[in-house]
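Asks: My structure is below; once you've seen it, I'll send some questions.
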Amino acid sequence: MASEIEYTACDCSFVSKNGKPETDPNDKFLLKVRNTSKSIYCFSVSKHERDKESEPVVFFDYEARKWRSGRYIGNVEWNNGRERYSLTIEPRFGENILLEMFGEIFNLKLSGGKSSLKSNRSSLYIKMLVSFIWSQKLVEANRHGLPRNRTTINTRGYSVKGKLMIKPSIFSYVRNRTIISQSHEMTYDEKVVTIVSLAYNVLKKDYAFEQLSLSPNIKNMISDIERIGHNIKSFRITEKDYQSINYRPIYQSFKDLVDFSWQIINSSMGMNAQNQGSKVSGYLIDMAEVWECYIRSLVQKQLKVFGWKLIDSTFIAYETLFYQRRLIPDIVLEKDGAFCVFDAKYKKMMYRGIDVDREDFFQIHTYISYMQHLGTVKFAGLLYPVEKDFGLINTSTSLYNLRDTCKFIADGPIISKENIDKEHFFEVIKKGIM
C-alpha cells in the first residue's frame, strides 16, 4: 500500500509539508506540480473570454528559500505507485469570504446557508463549490426548458404523416405498397443534453453533488435531464461536437452552462488519467479570476446608480498591422463619452511601493492612454484585496500627479477572515467619479 505524503498551503503563501515549510528546491512532487499543466484542470467562473497569463501552481521562492503557492485554490494529487502525494491549497482569506465573493458574483444566496458547503476536507469543499456553481448555472439557463431543434423526419408506412413525398412514394409503392411522408418535430438538442447529463454524472460520482442543499426547482430540472438523457441514444461526445453547438437566441443562456459542464467532463478525464498511471492531476479555481469577477460586480453596482454602464472591454491596437495587440482592461464603464478603467489585481496590498507591480503599473497606464483617444477618462486604477486599513490617501487627483483630469487609484476593499469592509472602498469610488 502506497504511503501518503500531504502538502498544504493557502493561495499566495508558503507551502508546508507535514506541517513545516518546504525548503528543498528539488522536492520531486512540487517540481512535478510546477512543471505540469495539462492534467491539472482549472475551472473558469467568468463568462468573459480573456487571454490568461500562465502561472505555475507552485514555485520556489529563492529569496525566502521556500516553496510558495500561486493564485489558485484546490487539490492536486500524484501517485507514483510507491507514494501518494497530495497538495491542498485553501483560500487565504478563508471559506466564508470566498462564499461571500461567489454570492456577489452570481447574485444569489447559498441555499441552506453557508454551512451547507463547509467540510473538514478542503478537497471535498472545493468539489462542492464547483457543484454549487454548476447548479446555479443550471437555474440561470433553464428558463425555457432544455434546448430543442427543428428536425425533419421521413416516415415510410401505409398512411401520411405530415407532407406526402410524391416521387419517392411512387417508387416505394411499386416495390412494397408503402408511401413516404415528411414531418417536422422539435427534438431535444442531443449534444447539449449529452454534455449536461455527462457533467451531472461526474458531479454525482466525484464532486459530492448530492451533499448540497438543493431547491425543489433544481431537483426537478435534474430529473428532466436524467429522463431525457436516458432516452437519447448515447454517443461519444468530442471536442468537435462541443465546438459545433449552435444556440438559438431563446436558448443562448445555455451556453454558459454547457461551457462549464464541458470543463467538468474534461476535469474527470484528468482524474481518470491519474487513476490509470503516475500523472499529476487535480482541480483548481483561479482566485485572480474570482477576484476580477467580484470586484467588477461591486464597481458596476456602485456606479450604475450614477448612470455608468459596463461595456465590452476588448480593444485592438494597431489593427491590420503585424504587431497589432489586444488590449483587455478588466473593467471599463462608460457615461456620455467618458470612461472609468480599472484592472483587478489579486495580490497582497499593504500600501508599500513594492506592492504595485511594475508591469501592472505600466499596463493600466497603457489602457488609460488608449481610452483617452476614445473619450475622456474620468477615473482609473488598480484594485486589490487590501489586508489592513493604514488610513493612507491612495487616490491621485490627476494622472501622474500632473495636470490631467483623470484621477488614479491603487486601493480596494479591506478584507480579513471575518468580513469584507466595502464602505471605505465605495467612498473612494464615488469620490473618484465626482
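How things are named: the first chain in the C-alpha cells is A, the next is B, and so on; residues count from 1 in each chain; ligands count from 1 in the order shown.
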Leaving out segment 353-360 of chain A and any residue of its chain fewer than 6 positions from it, which residues lie within 10 Å of it when counting only C-alpha atoms, given as a ChimeraX atom specification?
Replies: /A:343-345,347,366,381-382,384,410
Asks: Segment 188-402 of chain A: which residues are strand (DSSP E or B) by DSSP, as an mmCIF file with N, CA, C and O atoms, in the first residue's frame?
Replies:
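Wrote states02.cif, looks like this:
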data_model
loop_
_atom_site.group_PDB
_atom_site.id
_atom_site.type_symbol
_atom_site.label_atom_id
_atom_site.label_comp_id
_atom_site.auth_asym_id
_atom_site.auth_seq_id
_atom_site.Cartn_x
_atom_site.Cartn_y
_atom_site.Cartn_z
ATOM 1 N N TYR A 188 -35.048 17.383 -28.706
ATOM 2 C CA TYR A 188 -34.018 17.927 -27.820
ATOM 3 C C TYR A 188 -32.654 17.903 -28.507
ATOM 4 O O TYR A 188 -32.323 16.970 -29.245
ATOM 5 N N SER A 281 -2.662 15.090 -11.311
ATOM 6 C CA SER A 281 -3.995 15.540 -11.699
ATOM 7 C C SER A 281 -4.574 16.390 -10.580
ATOM 8 O O SER A 281 -4.067 16.410 -9.455
ATOM 9 N N GLY A 282 -5.647 17.096 -10.893
ATOM 10 C CA GLY A 282 -6.267 17.913 -9.871
ATOM 11 C C GLY A 282 -7.315 18.835 -10.439
ATOM 12 O O GLY A 282 -7.613 18.806 -11.633
ATOM 13 N N TYR A 283 -7.867 19.651 -9.586
ATOM 14 C CA TYR A 283 -8.890 20.607 -9.983
ATOM 15 C C TYR A 283 -8.632 21.878 -9.197
ATOM 16 O O TYR A 283 -8.381 21.861 -7.981
ATOM 17 N N LEU A 284 -8.647 23.003 -9.881
ATOM 18 C CA LEU A 284 -8.284 24.283 -9.281
ATOM 19 C C LEU A 284 -9.301 25.353 -9.638
ATOM 20 O O LEU A 284 -10.012 25.238 -10.635
ATOM 21 N N ILE A 285 -9.350 26.387 -8.829
ATOM 22 C CA ILE A 285 -10.103 27.597 -9.128
ATOM 23 C C ILE A 285 -9.124 28.758 -9.072
ATOM 24 O O ILE A 285 -8.342 28.872 -8.121
ATOM 25 N N ASP A 286 -9.151 29.586 -10.094
ATOM 26 C CA ASP A 286 -8.233 30.721 -10.185
ATOM 27 C C ASP A 286 -8.782 31.880 -9.361
ATOM 28 O O ASP A 286 -9.763 32.513 -9.723
ATOM 29 N N LYS A 309 -22.317 52.648 -17.267
ATOM 30 C CA LYS A 309 -22.662 51.320 -17.773
ATOM 31 C C LYS A 309 -21.397 50.534 -18.093
ATOM 32 O O LYS A 309 -20.453 51.058 -18.689
ATOM 33 N N LEU A 310 -21.414 49.257 -17.689
ATOM 34 C CA LEU A 310 -20.310 48.357 -18.013
ATOM 35 C C LEU A 310 -20.344 48.046 -19.504
ATOM 36 O O LEU A 310 -21.387 47.694 -20.045
ATOM 37 N N PHE A 315 -10.222 45.730 -26.920
ATOM 38 C CA PHE A 315 -9.898 46.701 -27.957
ATOM 39 C C PHE A 315 -8.673 46.208 -28.735
ATOM 40 O O PHE A 315 -7.846 45.459 -28.212
ATOM 41 N N ILE A 316 -8.589 46.621 -29.993
ATOM 42 C CA ILE A 316 -7.463 46.236 -30.844
ATOM 43 C C ILE A 316 -6.610 47.462 -31.135
ATOM 44 O O ILE A 316 -7.095 48.448 -31.699
ATOM 45 N N ALA A 317 -5.348 47.399 -30.753
ATOM 46 C CA ALA A 317 -4.408 48.478 -31.059
ATOM 47 C C ALA A 317 -3.618 48.119 -32.310
ATOM 48 O O ALA A 317 -3.210 46.965 -32.482
ATOM 49 N N ARG A 325 -2.157 44.369 -31.292
ATOM 50 C CA ARG A 325 -2.299 43.763 -29.973
ATOM 51 C C ARG A 325 -3.704 43.991 -29.431
ATOM 52 O O ARG A 325 -4.318 45.014 -29.700
ATOM 53 N N ARG A 326 -4.178 42.998 -28.667
ATOM 54 C CA ARG A 326 -5.455 43.163 -27.983
ATOM 55 C C ARG A 326 -5.208 43.823 -26.627
ATOM 56 O O ARG A 326 -4.323 43.410 -25.874
ATOM 57 N N LEU A 327 -5.982 44.839 -26.329
ATOM 58 C CA LEU A 327 -5.952 45.484 -25.027
ATOM 59 C C LEU A 327 -7.230 45.103 -24.290
ATOM 60 O O LEU A 327 -8.331 45.336 -24.791
ATOM 61 N N ILE A 331 -12.108 46.037 -16.298
ATOM 62 C CA ILE A 331 -13.373 46.749 -16.084
ATOM 63 C C ILE A 331 -13.344 48.076 -16.831
ATOM 64 O O ILE A 331 -12.449 48.893 -16.615
ATOM 65 N N VAL A 332 -14.319 48.282 -17.718
ATOM 66 C CA VAL A 332 -14.472 49.561 -18.403
ATOM 67 C C VAL A 332 -15.936 49.979 -18.304
ATOM 68 O O VAL A 332 -16.824 49.219 -18.674
ATOM 69 N N LEU A 333 -16.166 51.188 -17.788
ATOM 70 C CA LEU A 333 -17.515 51.736 -17.705
ATOM 71 C C LEU A 333 -17.571 53.030 -18.499
ATOM 72 O O LEU A 333 -16.577 53.757 -18.602
ATOM 73 N N GLU A 334 -18.753 53.315 -19.065
ATOM 74 C CA GLU A 334 -18.903 54.494 -19.936
ATOM 75 C C GLU A 334 -20.143 55.290 -19.543
ATOM 76 O O GLU A 334 -21.161 54.730 -19.143
ATOM 77 N N LYS A 335 -20.012 56.618 -19.662
ATOM 78 C CA LYS A 335 -21.143 57.511 -19.422
ATOM 79 C C LYS A 335 -20.927 58.785 -20.234
ATOM 80 O O LYS A 335 -19.968 59.533 -19.990
ATOM 81 N N ALA A 338 -17.498 59.553 -21.513
ATOM 82 C CA ALA A 338 -16.436 59.487 -20.505
ATOM 83 C C ALA A 338 -16.269 58.037 -20.048
ATOM 84 O O ALA A 338 -17.202 57.236 -20.124
ATOM 85 N N PHE A 339 -15.071 57.695 -19.554
ATOM 86 C CA PHE A 339 -14.773 56.309 -19.204
ATOM 87 C C PHE A 339 -14.157 56.203 -17.813
ATOM 88 O O PHE A 339 -13.478 57.123 -17.331
ATOM 89 N N CYS A 340 -14.392 55.058 -17.182
ATOM 90 C CA CYS A 340 -13.657 54.613 -15.999
ATOM 91 C C CYS A 340 -12.975 53.303 -16.385
ATOM 92 O O CYS A 340 -13.621 52.425 -16.985
ATOM 93 N N VAL A 341 -11.698 53.160 -16.077
ATOM 94 C CA VAL A 341 -10.921 51.989 -16.497
ATOM 95 C C VAL A 341 -10.177 51.429 -15.284
ATOM 96 O O VAL A 341 -9.413 52.151 -14.632
ATOM 97 N N PHE A 342 -10.409 50.136 -14.996
ATOM 98 C CA PHE A 342 -9.762 49.524 -13.842
ATOM 99 C C PHE A 342 -9.208 48.151 -14.206
ATOM 100 O O PHE A 342 -9.729 47.459 -15.074
ATOM 101 N N ASP A 343 -8.160 47.754 -13.493
ATOM 102 C CA ASP A 343 -7.645 46.393 -13.554
ATOM 103 C C ASP A 343 -7.671 45.811 -12.145
ATOM 104 O O ASP A 343 -7.232 46.464 -11.188
ATOM 105 N N ALA A 344 -8.208 44.589 -12.016
ATOM 106 C CA ALA A 344 -8.281 43.909 -10.728
ATOM 107 C C ALA A 344 -7.020 43.067 -10.544
ATOM 108 O O ALA A 344 -6.649 42.292 -11.424
ATOM 109 N N MET A 349 -1.659 43.607 -0.806
ATOM 110 C CA MET A 349 -1.561 45.062 -0.788
ATOM 111 C C MET A 349 -1.485 45.544 0.658
ATOM 112 O O MET A 349 -2.432 45.390 1.431
ATOM 113 N N THR A 376 -12.989 60.967 -22.783
ATOM 114 C CA THR A 376 -12.366 61.420 -21.542
ATOM 115 C C THR A 376 -12.329 60.285 -20.528
ATOM 116 O O THR A 376 -13.337 59.634 -20.267
ATOM 117 N N VAL A 377 -11.142 60.025 -19.972
ATOM 118 C CA VAL A 377 -11.031 59.042 -18.897
ATOM 119 C C VAL A 377 -11.155 59.793 -17.580
ATOM 120 O O VAL A 377 -10.304 60.605 -17.218
ATOM 121 N N LYS A 378 -12.228 59.525 -16.870
ATOM 122 C CA LYS A 378 -12.548 60.238 -15.631
ATOM 123 C C LYS A 378 -11.808 59.664 -14.429
ATOM 124 O O LYS A 378 -11.322 60.391 -13.567
ATOM 125 N N PHE A 379 -11.734 58.312 -14.388
ATOM 126 C CA PHE A 379 -11.203 57.641 -13.199
ATOM 127 C C PHE A 379 -10.598 56.316 -13.630
ATOM 128 O O PHE A 379 -11.145 55.620 -14.487
ATOM 129 N N ALA A 380 -9.458 55.937 -13.045
ATOM 130 C CA ALA A 380 -8.788 54.694 -13.430
ATOM 131 C C ALA A 380 -7.913 54.214 -12.281
ATOM 132 O O ALA A 380 -7.621 54.957 -11.343
ATOM 133 N N GLY A 381 -7.492 52.942 -12.382
ATOM 134 C CA GLY A 381 -6.573 52.458 -11.357
ATOM 135 C C GLY A 381 -6.512 50.965 -11.210
ATOM 136 O O GLY A 381 -7.076 50.209 -12.009
ATOM 137 N N LEU A 382 -5.793 50.535 -10.172
ATOM 138 C CA LEU A 382 -5.577 49.132 -9.850
ATOM 139 C C LEU A 382 -6.335 48.812 -8.564
ATOM 140 O O LEU A 382 -6.230 49.549 -7.577
ATOM 141 N N LEU A 383 -7.092 47.723 -8.573
ATOM 142 C CA LEU A 383 -7.962 47.376 -7.453
ATOM 143 C C LEU A 383 -7.517 46.061 -6.811
ATOM 144 O O LEU A 383 -7.480 45.029 -7.481
ATOM 145 N N VAL A 386 -7.278 44.510 -0.022
ATOM 146 C CA VAL A 386 -6.428 45.176 0.964
ATOM 147 C C VAL A 386 -6.552 44.448 2.301
ATOM 148 O O VAL A 386 -7.660 44.162 2.754
ATOM 149 N N THR A 395 -5.471 57.859 -3.624
ATOM 150 C CA THR A 395 -6.015 58.354 -4.881
ATOM 151 C C THR A 395 -5.329 59.657 -5.271
ATOM 152 O O THR A 395 -5.272 60.589 -4.463
ATOM 153 N N SER A 396 -4.810 59.688 -6.492
ATOM 154 C CA SER A 396 -4.225 60.918 -7.027
ATOM 155 C C SER A 396 -5.314 61.702 -7.748
ATOM 156 O O SER A 396 -6.137 61.120 -8.471
#
Asks: As an exercise, work out the distance from atom CA of Phe14 of chain A to atom CA of Cys293 of chain A in Å and give it to one decimal place.
Replies: 25.5 Å
Asks: May I have the residues within 7 Å of segment 72-89 of chain A as a PDB file with N, CA, C and O atoms, in the first residue's frame, using only C-alpha atoms and disregarding those fewer than 5 positions away in the same chain?
Replies:
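Ended up saving to result-v3.pdb:
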ATOM      1  N   ALA A   2       0.559   2.208  -0.859  1.00  0.00           N
ATOM      2  CA  ALA A   2       1.375   3.408  -1.002  1.00  0.00           C
ATOM      3  C   ALA A   2       1.244   4.295   0.230  1.00  0.00           C
ATOM      4  O   ALA A   2       0.161   4.474   0.780  1.00  0.00           O
ATOM      5  N   SER A   3       2.380   4.839   0.697  1.00  0.00           N
ATOM      6  CA  SER A   3       2.352   5.777   1.814  1.00  0.00           C
ATOM      7  C   SER A   3       1.857   7.128   1.329  1.00  0.00           C
ATOM      8  O   SER A   3       2.029   7.485   0.163  1.00  0.00           O
ATOM      9  N   GLU A   4       1.243   7.903   2.215  1.00  0.00           N
ATOM     10  CA  GLU A   4       0.670   9.191   1.842  1.00  0.00           C
ATOM     11  C   GLU A   4       1.503  10.327   2.415  1.00  0.00           C
ATOM     12  O   GLU A   4       1.877  10.314   3.585  1.00  0.00           O
ATOM     13  N   ILE A   5       1.786  11.304   1.554  1.00  0.00           N
ATOM     14  CA  ILE A   5       2.536  12.492   1.952  1.00  0.00           C
ATOM     15  C   ILE A   5       1.693  13.707   1.601  1.00  0.00           C
ATOM     16  O   ILE A   5       1.327  13.899   0.442  1.00  0.00           O
ATOM     17  N   GLU A   6       1.361  14.529   2.592  1.00  0.00           N
ATOM     18  CA  GLU A   6       0.442  15.643   2.398  1.00  0.00           C
ATOM     19  C   GLU A   6       1.163  16.991   2.452  1.00  0.00           C
ATOM     20  O   GLU A   6       1.983  17.233   3.334  1.00  0.00           O
ATOM     21  N   TYR A   7       0.820  17.836   1.496  1.00  0.00           N
ATOM     22  CA  TYR A   7       1.303  19.215   1.449  1.00  0.00           C
ATOM     23  C   TYR A   7       0.086  20.133   1.583  1.00  0.00           C
ATOM     24  O   TYR A   7      -0.983  19.837   1.041  1.00  0.00           O
ATOM     25  N   THR A   8       0.263  21.250   2.275  1.00  0.00           N
ATOM     26  CA  THR A   8      -0.830  22.206   2.441  1.00  0.00           C
ATOM     27  C   THR A   8      -0.325  23.628   2.220  1.00  0.00           C
ATOM     28  O   THR A   8       0.858  23.915   2.395  1.00  0.00           O
ATOM     29  N   ALA A   9      -1.250  24.505   1.832  1.00  0.00           N
ATOM     30  CA  ALA A   9      -0.916  25.919   1.634  1.00  0.00           C
ATOM     31  C   ALA A   9      -2.199  26.717   1.525  1.00  0.00           C
ATOM     32  O   ALA A   9      -3.286  26.163   1.349  1.00  0.00           O
ATOM     33  N   CYS A  10      -2.082  28.022   1.637  1.00  0.00           N
ATOM     34  CA  CYS A  10      -3.123  28.946   1.218  1.00  0.00           C
ATOM     35  C   CYS A  10      -2.630  29.617  -0.056  1.00  0.00           C
ATOM     36  O   CYS A  10      -1.426  29.605  -0.339  1.00  0.00           O
ATOM     37  N   ASP A  11      -3.537  30.171  -0.852  1.00  0.00           N
ATOM     38  CA  ASP A  11      -3.083  30.816  -2.080  1.00  0.00           C
ATOM     39  C   ASP A  11      -2.128  31.967  -1.753  1.00  0.00           C
ATOM     40  O   ASP A  11      -2.285  32.651  -0.735  1.00  0.00           O
ATOM     41  N   VAL A  57       1.308  26.563 -10.489  1.00  0.00           N
ATOM     42  CA  VAL A  57       0.539  26.342  -9.274  1.00  0.00           C
ATOM     43  C   VAL A  57       1.413  26.598  -8.049  1.00  0.00           C
ATOM     44  O   VAL A  57       0.970  27.186  -7.056  1.00  0.00           O
ATOM     45  N   SER A 122     -10.747  20.022   2.751  1.00  0.00           N
ATOM     46  CA  SER A 122     -10.789  21.144   1.805  1.00  0.00           C
ATOM     47  C   SER A 122     -11.007  20.667   0.381  1.00  0.00           C
ATOM     48  O   SER A 122     -11.662  21.340  -0.405  1.00  0.00           O
ATOM     49  N   SER A 123     -10.458  19.478   0.030  1.00  0.00           N
ATOM     50  CA  SER A 123     -10.644  18.982  -1.332  1.00  0.00           C
ATOM     51  C   SER A 123     -12.123  18.750  -1.617  1.00  0.00           C
ATOM     52  O   SER A 123     -12.621  19.075  -2.695  1.00  0.00           O
ATOM     53  N   ILE A 126     -13.902  22.179  -2.098  1.00  0.00           N
ATOM     54  CA  ILE A 126     -13.724  22.765  -3.432  1.00  0.00           C
ATOM     55  C   ILE A 126     -14.619  22.056  -4.435  1.00  0.00           C
ATOM     56  O   ILE A 126     -15.235  22.680  -5.297  1.00  0.00           O
ATOM     57  N   SER A 278       0.802   7.398 -13.477  1.00  0.00           N
ATOM     58  CA  SER A 278       1.515   8.201 -12.484  1.00  0.00           C
ATOM     59  C   SER A 278       1.507   9.681 -12.847  1.00  0.00           C
ATOM     60  O   SER A 278       2.473  10.383 -12.639  1.00  0.00           O
ATOM     61  N   LYS A 279       0.403  10.141 -13.419  1.00  0.00           N
ATOM     62  CA  LYS A 279       0.311  11.547 -13.799  1.00  0.00           C
ATOM     63  C   LYS A 279      -0.198  12.394 -12.634  1.00  0.00           C
ATOM     64  O   LYS A 279      -0.949  11.933 -11.794  1.00  0.00           O
ATOM     65  N   VAL A 280       0.221  13.653 -12.656  1.00  0.00           N
ATOM     66  CA  VAL A 280      -0.313  14.615 -11.702  1.00  0.00           C
ATOM     67  C   VAL A 280      -1.688  15.049 -12.191  1.00  0.00           C
ATOM     68  O   VAL A 280      -1.882  15.324 -13.372  1.00  0.00           O
ATOM     69  N   SER A 281      -2.662  15.090 -11.311  1.00  0.00           N
ATOM     70  CA  SER A 281      -3.995  15.540 -11.699  1.00  0.00           C
ATOM     71  C   SER A 281      -4.574  16.390 -10.580  1.00  0.00           C
ATOM     72  O   SER A 281      -4.067  16.410  -9.455  1.00  0.00           O
ATOM     73  N   GLY A 282      -5.647  17.096 -10.893  1.00  0.00           N
ATOM     74  CA  GLY A 282      -6.267  17.913  -9.871  1.00  0.00           C
ATOM     75  C   GLY A 282      -7.315  18.835 -10.439  1.00  0.00           C
ATOM     76  O   GLY A 282      -7.613  18.806 -11.633  1.00  0.00           O
ATOM     77  N   TYR A 283      -7.867  19.651  -9.586  1.00  0.00           N
ATOM     78  CA  TYR A 283      -8.890  20.607  -9.983  1.00  0.00           C
ATOM     79  C   TYR A 283      -8.632  21.878  -9.197  1.00  0.00           C
ATOM     80  O   TYR A 283      -8.381  21.861  -7.981  1.00  0.00           O
ATOM     81  N   LEU A 284      -8.647  23.003  -9.881  1.00  0.00           N
ATOM     82  CA  LEU A 284      -8.284  24.283  -9.281  1.00  0.00           C
ATOM     83  C   LEU A 284      -9.301  25.353  -9.638  1.00  0.00           C
ATOM     84  O   LEU A 284     -10.012  25.238 -10.635  1.00  0.00           O
ATOM     85  N   ILE A 285      -9.350  26.387  -8.829  1.00  0.00           N
ATOM     86  CA  ILE A 285     -10.103  27.597  -9.128  1.00  0.00           C
ATOM     87  C   ILE A 285      -9.124  28.758  -9.072  1.00  0.00           C
ATOM     88  O   ILE A 285      -8.342  28.872  -8.121  1.00  0.00           O
ATOM     89  N   ASP A 286      -9.151  29.586 -10.094  1.00  0.00           N
ATOM     90  CA  ASP A 286      -8.233  30.721 -10.185  1.00  0.00           C
ATOM     91  C   ASP A 286      -8.782  31.880  -9.361  1.00  0.00           C
ATOM     92  O   ASP A 286      -9.763  32.513  -9.723  1.00  0.00           O
ATOM     93  N   MET A 287      -8.127  32.175  -8.232  1.00  0.00           N
ATOM     94  CA  MET A 287      -8.605  33.241  -7.356  1.00  0.00           C
ATOM     95  C   MET A 287      -8.448  34.622  -7.999  1.00  0.00           C
ATOM     96  O   MET A 287      -9.190  35.548  -7.657  1.00  0.00           O
TER      97      MET A 287
END
Asks: Contacts of segment 97-105 of chain A at 9 Å or less, counting only C-alpha atoms, minus same-chain residues fewer than 3 places along, as a ChimeraX atom specification?
Replies: /A:45,91,93-94,108-110,114,117,129,133,290-291,293-298,415-420
Asks: From the options A:Tyr173, A:Phe132, A:Gly432, A:Arg236, which residue's atoms come nearest to Ser215 of chain A, counting only C-alpha atoms?
Replies: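 Smallest separation from Ser215 of chain A among the options: A:Phe132.
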Asks: As a PyMOL selection string, list the residues of segment 124-308 of chain A assigned to helix (DSSP H, G or I) by DSSP on the backbone atoms of this structure.
Replies: chain A and resi 124-141+166-176+190-206+209-211+216-231+239-243+249-251+254-276+287-304
Asks: Nearest to Val202 of chain A: which of A:Ser181, A:Gln263, A:Thr238, A:Thr151 is it, counting only C-alpha atoms?
Replies: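 Among A:Ser181, A:Gln263, A:Thr238, A:Thr151, it is A:Gln263 that comes nearest to Val202 of chain A.
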Asks: From the options A:Thr178, A:Ser261, A:Gln302, A:Thr155, which residue's atoms come nearest to Val192 of chain A, counting only C-alpha atoms?
Replies: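 Closest to Val192 of chain A of all the choices is A:Ser261.
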Asks: Using only C-alpha atoms, which protein or nucleic acid residues come within 12 Å of Glu427 of chain A? Drop anything in the same chain fewer than 4 positions from it, and give the result as a list in words.
Replies: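 Selected residues are Val299, Gln302, Leu303, Thr395, Asp411, Gly412, Pro413, Asp421, Lys422, Glu423, Lys431, Gly432, Ile433 and Met434 of chain A.
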